[in-house]
file my_file_34.cif (mmCIF, C-alpha atoms)
data_input
#
loop_
_atom_site.label_atom_id
_atom_site.label_comp_id
_atom_site.auth_asym_id
_atom_site.auth_seq_id
_atom_site.Cartn_x
_atom_site.Cartn_y
_atom_site.Cartn_z
CA MET A 3 0.00 0.00 0.00
CA ASN A 4 1.22 3.51 -0.80
CA LEU A 5 2.78 5.13 2.30
CA ASN A 6 0.85 8.38 1.77
CA LYS A 7 -2.39 6.42 1.75
CA VAL A 8 -1.44 4.78 5.06
CA PHE A 9 -0.74 8.16 6.67
CA SER A 10 -4.03 9.55 5.32
CA TYR A 11 -5.93 7.20 7.63
CA PHE A 12 -4.41 9.00 10.63
CA ILE A 13 -5.04 12.57 9.48
CA PRO A 14 -7.99 14.20 11.31
CA LYS A 15 -10.87 14.72 8.91
CA ASP A 16 -11.83 18.08 10.47
CA ARG A 17 -12.92 19.50 7.16
CA VAL A 18 -15.32 16.62 6.47
CA PHE A 19 -17.12 16.88 9.80
CA TYR A 20 -17.17 20.66 10.10
CA ASP A 21 -18.37 21.10 6.53
CA LEU A 22 -21.20 18.64 7.16
CA PHE A 23 -22.23 20.29 10.43
CA ILE A 24 -22.18 23.74 8.83
CA LYS A 25 -24.33 22.41 5.99
CA ASP A 26 -26.68 20.82 8.54
CA ALA A 27 -27.00 24.07 10.52
CA GLN A 28 -27.74 26.05 7.37
CA ASN A 29 -30.43 23.57 6.38
CA LEU A 30 -31.90 23.88 9.88
CA VAL A 31 -32.14 27.67 9.51
CA ALA A 32 -33.86 27.20 6.14
CA VAL A 33 -36.42 24.81 7.69
CA SER A 34 -37.24 27.24 10.51
CA GLU A 35 -37.60 30.16 8.10
CA VAL A 36 -40.02 28.24 5.89
CA PHE A 37 -41.92 27.22 9.00
CA VAL A 38 -42.40 30.89 9.95
CA GLU A 39 -43.83 31.45 6.48
CA LEU A 40 -46.17 28.52 7.02
CA VAL A 41 -47.58 29.68 10.36
CA ASN A 42 -48.21 33.13 8.89
CA ALA A 43 -49.74 31.89 5.62
CA THR A 44 -53.48 32.21 5.07
CA ASP A 45 -53.90 30.62 1.65
CA ALA A 46 -54.49 26.85 1.78
CA VAL A 47 -52.54 26.15 -1.40
CA LYS A 48 -49.61 28.19 -0.15
CA LYS A 49 -49.66 26.30 3.15
CA ASP A 50 -49.46 22.96 1.32
CA GLU A 51 -46.55 24.23 -0.77
CA LEU A 52 -44.66 25.37 2.31
CA ALA A 53 -45.36 22.12 4.17
CA LYS A 54 -44.00 20.22 1.16
CA LYS A 55 -40.89 22.40 1.15
CA ILE A 56 -40.32 21.63 4.83
CA ALA A 57 -40.69 17.92 4.10
CA ASP A 58 -38.09 18.21 1.32
CA LEU A 59 -35.68 20.03 3.62
CA GLU A 60 -36.25 17.38 6.27
CA HIS A 61 -35.06 14.78 3.75
CA VAL A 62 -32.00 16.94 3.06
CA GLY A 63 -31.29 16.95 6.79
CA ASP A 64 -31.64 13.17 6.95
CA ASP A 65 -29.11 12.82 4.13
CA ILE A 66 -26.63 15.09 5.93
CA THR A 67 -27.07 13.14 9.17
CA HIS A 68 -26.45 9.90 7.28
CA SER A 69 -23.28 11.42 5.78
CA ILE A 70 -22.05 12.39 9.25
CA PHE A 71 -22.64 8.86 10.56
CA THR A 72 -20.88 7.40 7.52
CA ALA A 73 -17.89 9.70 8.08
CA LEU A 74 -17.91 8.72 11.75
CA SER A 75 -17.76 5.03 10.90
CA THR A 76 -14.99 5.38 8.30
CA ASN A 77 -12.61 7.84 10.01
CA PHE A 78 -10.32 6.65 12.77
CA ILE A 79 -9.50 10.15 14.05
CA THR A 80 -12.19 12.79 14.58
CA PRO A 81 -12.00 16.51 15.48
CA PHE A 82 -13.77 15.88 18.79
CA ASP A 83 -15.25 12.96 20.73
CA ARG A 84 -17.15 10.46 18.63
CA GLU A 85 -20.00 10.44 21.15
CA ASP A 86 -20.31 14.22 20.86
CA ILE A 87 -20.32 14.05 17.07
CA HIS A 88 -23.13 11.49 17.22
CA TYR A 89 -25.10 13.47 19.80
CA LEU A 90 -24.71 16.76 17.92
CA ALA A 91 -25.84 15.17 14.66
CA THR A 92 -28.88 13.50 16.23
CA SER A 93 -29.82 16.64 18.19
CA LEU A 94 -29.76 18.77 15.03
CA ASP A 95 -31.84 16.13 13.27
CA ASP A 96 -34.34 16.11 16.16
CA ILE A 97 -35.00 19.84 15.75
CA VAL A 98 -35.83 19.41 12.07
CA ASP A 99 -38.02 16.40 12.85
CA PHE A 100 -40.11 18.30 15.40
CA ILE A 101 -40.50 21.32 13.13
CA HIS A 102 -41.52 18.97 10.33
CA GLY A 103 -43.93 17.23 12.71
CA SER A 104 -45.49 20.57 13.65
CA ALA A 105 -45.90 21.51 9.99
CA THR A 106 -47.46 18.14 9.22
CA ARG A 107 -49.97 18.50 12.05
CA LEU A 108 -50.94 21.99 10.93
CA THR A 109 -51.85 20.66 7.50
CA LEU A 110 -53.38 17.35 8.60
CA TYR A 111 -55.52 19.02 11.26
CA LYS A 112 -56.61 21.71 8.80
CA VAL A 113 -55.62 24.52 11.15
CA GLU A 114 -56.97 27.54 9.28
CA GLU A 115 -55.25 30.23 11.31
CA CYS A 116 -52.29 29.78 13.61
CA THR A 117 -52.53 31.28 17.07
CA PRO A 118 -50.32 34.18 18.20
CA ALA A 119 -48.45 31.71 20.44
CA MET A 120 -47.65 29.46 17.48
CA LYS A 121 -46.29 32.46 15.60
CA LYS A 122 -44.19 33.50 18.60
CA LEU A 123 -42.75 29.99 18.99
CA ALA A 124 -41.94 29.86 15.28
CA GLU A 125 -40.09 33.18 15.57
CA ILE A 126 -38.19 31.88 18.59
CA LEU A 127 -37.16 28.80 16.61
CA VAL A 128 -35.75 30.98 13.83
CA LYS A 129 -33.71 32.95 16.34
CA GLN A 130 -32.46 29.77 18.02
CA THR A 131 -31.48 28.08 14.77
CA LYS A 132 -29.58 31.18 13.63
CA GLU A 133 -27.64 31.15 16.91
CA ILE A 134 -26.92 27.44 16.38
CA ASP A 135 -25.60 28.28 12.93
CA ILE A 136 -23.34 30.99 14.39
CA ALA A 137 -22.03 28.61 17.07
CA ILE A 138 -21.25 25.84 14.58
CA GLN A 139 -19.66 28.26 12.11
CA ASN A 140 -17.22 29.25 14.87
CA MET A 141 -16.40 25.73 16.05
CA ARG A 142 -13.76 25.05 13.41
CA GLY A 143 -10.44 25.61 15.16
CA MET A 144 -12.24 26.77 18.33
CA GLU A 145 -10.69 30.21 17.79
CA ASN A 146 -13.68 32.23 18.98
CA ILE A 147 -14.95 30.49 22.10
CA THR A 148 -16.48 33.73 23.40
CA ARG A 149 -18.64 34.09 20.28
CA ILE A 150 -19.77 30.47 20.58
CA ARG A 151 -20.70 30.87 24.24
CA GLU A 152 -22.62 34.06 23.52
CA ALA A 153 -24.70 32.13 20.98
CA LEU A 154 -25.29 29.30 23.45
CA VAL A 155 -26.48 31.72 26.15
CA ARG A 156 -28.97 33.22 23.71
CA ILE A 157 -30.24 29.77 22.70
CA ASN A 158 -30.90 28.89 26.34
CA SER A 159 -32.53 32.26 27.03
CA LEU A 160 -34.80 31.83 24.01
CA GLU A 161 -35.77 28.36 25.24
CA ASN A 162 -36.85 29.86 28.55
CA ASN A 163 -38.90 32.41 26.64
CA ALA A 164 -40.50 29.58 24.65
CA ASP A 165 -41.47 27.83 27.90
CA ASP A 166 -43.26 30.97 29.07
CA VAL A 167 -45.07 31.36 25.74
CA PHE A 168 -46.14 27.72 25.78
CA ASP A 169 -47.33 27.72 29.40
CA GLU A 170 -49.38 30.89 28.93
CA ALA A 171 -50.84 29.64 25.64
CA VAL A 172 -51.96 26.32 27.12
CA SER A 173 -53.41 28.03 30.17
CA ASN A 174 -55.42 30.41 27.99
CA LEU A 175 -56.45 27.57 25.71
CA PHE A 176 -58.09 25.65 28.55
CA LEU A 177 -59.67 28.80 29.97
CA MET A 178 -61.08 30.25 26.77
CA GLU A 179 -61.70 27.38 24.35
CA ARG A 180 -64.77 25.17 24.67
CA ASP A 181 -64.21 23.00 21.59
CA ALA A 182 -62.46 19.86 22.90
CA VAL A 183 -61.25 18.81 19.45
CA LYS A 184 -59.69 22.21 18.82
CA ILE A 185 -58.02 22.10 22.22
CA ILE A 186 -56.39 18.78 21.35
CA LYS A 187 -55.23 20.00 17.92
CA VAL A 188 -53.79 23.30 19.12
CA LYS A 189 -52.13 21.82 22.20
CA GLU A 190 -50.45 19.08 20.16
CA VAL A 191 -49.04 21.57 17.66
CA LEU A 192 -47.85 23.85 20.46
CA SER A 193 -46.26 20.89 22.26
CA ASN A 194 -44.34 19.86 19.15
CA MET A 195 -43.10 23.39 18.62
CA GLU A 196 -42.07 23.79 22.25
CA THR A 197 -40.21 20.46 22.08
CA ALA A 198 -38.33 21.76 19.03
CA THR A 199 -37.10 24.68 21.16
CA ASP A 200 -36.02 22.16 23.82
CA LYS A 201 -34.03 20.30 21.19
CA CYS A 202 -32.26 23.55 20.32
CA GLU A 203 -31.17 23.70 23.94
CA ASP A 204 -29.89 20.11 23.63
CA VAL A 205 -27.69 21.25 20.73
CA ALA A 206 -26.39 24.13 22.86
CA ASN A 207 -25.57 21.69 25.67
CA VAL A 208 -23.56 19.34 23.48
CA ILE A 209 -21.66 22.24 21.90
CA GLU A 210 -20.89 23.53 25.41
CA SER A 211 -19.56 20.07 26.30
CA ILE A 212 -17.36 20.05 23.18
CA ILE A 213 -15.79 23.46 23.87
CA ILE A 214 -15.17 22.58 27.53
CA LYS A 215 -13.24 19.48 26.45
CA ALA A 216 -11.34 21.53 23.86
CA SER A 217 -10.30 24.23 26.34
#
call {"tool": "encode", "arguments": {"input": "my_file_34.cif", "output": "structure tokens"}}
result
Amino acid sequence: MNLNKVFSYFIPKDRVFYDLFIKDAQNLVAVSEVFVELVNATDAVKKDELAKKIADLEHVGDDITHSIFTALSTNFITPFDREDIHYLATSLDDIVDFIHGSATRLTLYKVEECTPAMKKLAEILVKQTKEIDIAIQNMRGMENITRIREALVRINSLENNADDVFDEAVSNLFLMERDAVKIIKVKEVLSNMETATDKCEDVANVIESIIIKAS
């Protein structure tokens, strides 16, 4: 075997992993932005188009996750712990899955108009995913730890805000709404969206773990 090929097995594949995570984060931002469009849309045809676009982006995310796992299984040396790579990839995928699940429920349940709380949660998700993108963009080389930590603090703060929005929305739903079916539909959508914000916090936690180990 060529000696250069032997040595190549022991060269960290930082570029492979970081490029894939950056691509994954950018896809996540795209999903959240389309989701905001969906919750604010009023035309039924437009809603279906946006839901389809989210489904397509969810498949893109699945492909990226698969590529990360493939790289993980074929590279002996990784830029950070293998467990953290796996957890970060699955956590990013979870966010997309819950946003996709929320979009699917909105269309399946024929929700004609999203509630103010749904719109607020969607806006929070966009802000969180953009902070995730910033954090991941700065992870290569770990040269700007302060910028990463600032993004992580904002993600956690936004998650706390999402909890408040969710709790108030559910409380008002039970107080004001008398249609049991509508209560079930709205609460399930809100729950999925709130869980998506929790998953953003999971991503922040694993990134925090990675930078602690790197420092």
call {"tool": "resolve_selection", "arguments": {"input": "my_file_34.cif", "expression": "the PyMOL selection byres ((chain A and resi 97-105) around 8)", "output": "VMD selection string"}}
result
chain A and resid 30 33 to 34 37 40 53 56 to 57 60 63 93 to 96 106 to 109 191 to 192 194 to 195 197 to 199 201 to 202
call {"tool": "closest_residue", "arguments": {"input": "my_file_34.cif", "among": "A:Glu39, A:Glu114, A:Asp86, A:Asp169", "to": "Leu52 (chain A)", "atoms": "only C-alpha atoms"}}
result
A:Glu39
call {"tool": "atom_distance", "arguments": {"input": "my_file_34.cif", "atom1": "CA of Gln28 (chain A)", "atom2": "CA of Asn146 (chain A)"}}
result
19.3 Å
call {"tool": "atom_distance", "arguments": {"input": "my_file_34.cif", "atom1": "CA of Asp58 (chain A)", "atom2": "CA of Arg142 (chain A)"}}
result
28.0 Å
call {"tool": "closest_residue", "arguments": {"input": "my_file_34.cif", "among": "A:His88, A:Lys121, A:Lys189, A:Lys48", "to": "Thr67 (chain A)", "atoms": "only C-alpha atoms"}}
result
A:His88
call {"tool": "closest_residue", "arguments": {"input": "my_file_34.cif", "among": "A:Asn42, A:Thr72, A:Thr117, A:Gln139", "to": "Ala27 (chain A)", "atoms": "all atoms listed in the file"}}
result
A:Gln139
call {"tool": "residues_around", "arguments": {"input": "my_file_34.cif", "residues": "Leu175 (chain A)", "least_positions_apart": "2", "cutoff": "10 Å", "atoms": "all atoms listed in the file", "output": "list in words"}}
result
Asp169, Glu170, Ala171, Val172, Ser173, Leu177, Met178, Glu179, Arg180, Asp181, Lys184, Ile185, Ile186, Val188 and Lys189 of chain A
call {"tool": "resolve_selection", "arguments": {"input": "my_file_34.cif", "expression": "the PyMOL selection byres ((chain A and resi 152-162) around 10)", "output": "ChimeraX atom specification"}}
result
/A:123,126-127,129-138,147-151,163-168,196-207,209-210
call {"tool": "residues_around", "arguments": {"input": "my_file_34.cif", "residues": "Val41 (chain A)", "least_positions_apart": "5", "cutoff": "8 Å", "atoms": "all atoms listed in the file", "output": "list in words"}}
result
Glu115, Cys116, Met120, Lys121 and Ala124 of chain A
call {"tool": "atom_distance", "arguments": {"input": "my_file_34.cif", "atom1": "CA of Asp26 (chain A)", "atom2": "CA of Ile66 (chain A)"}}
result
6.3 Å
call {"tool": "resolve_selection", "arguments": {"input": "my_file_34.cif", "expression": "the PyMOL selection byres ((chain A and resi 74) around 10)", "output": "JSON, numbers by chain"}}
result
{"A": [15, 18, 19, 68, 69, 70, 71, 72, 73, 75, 76, 77, 78, 79, 80, 84, 85, 87, 88]}
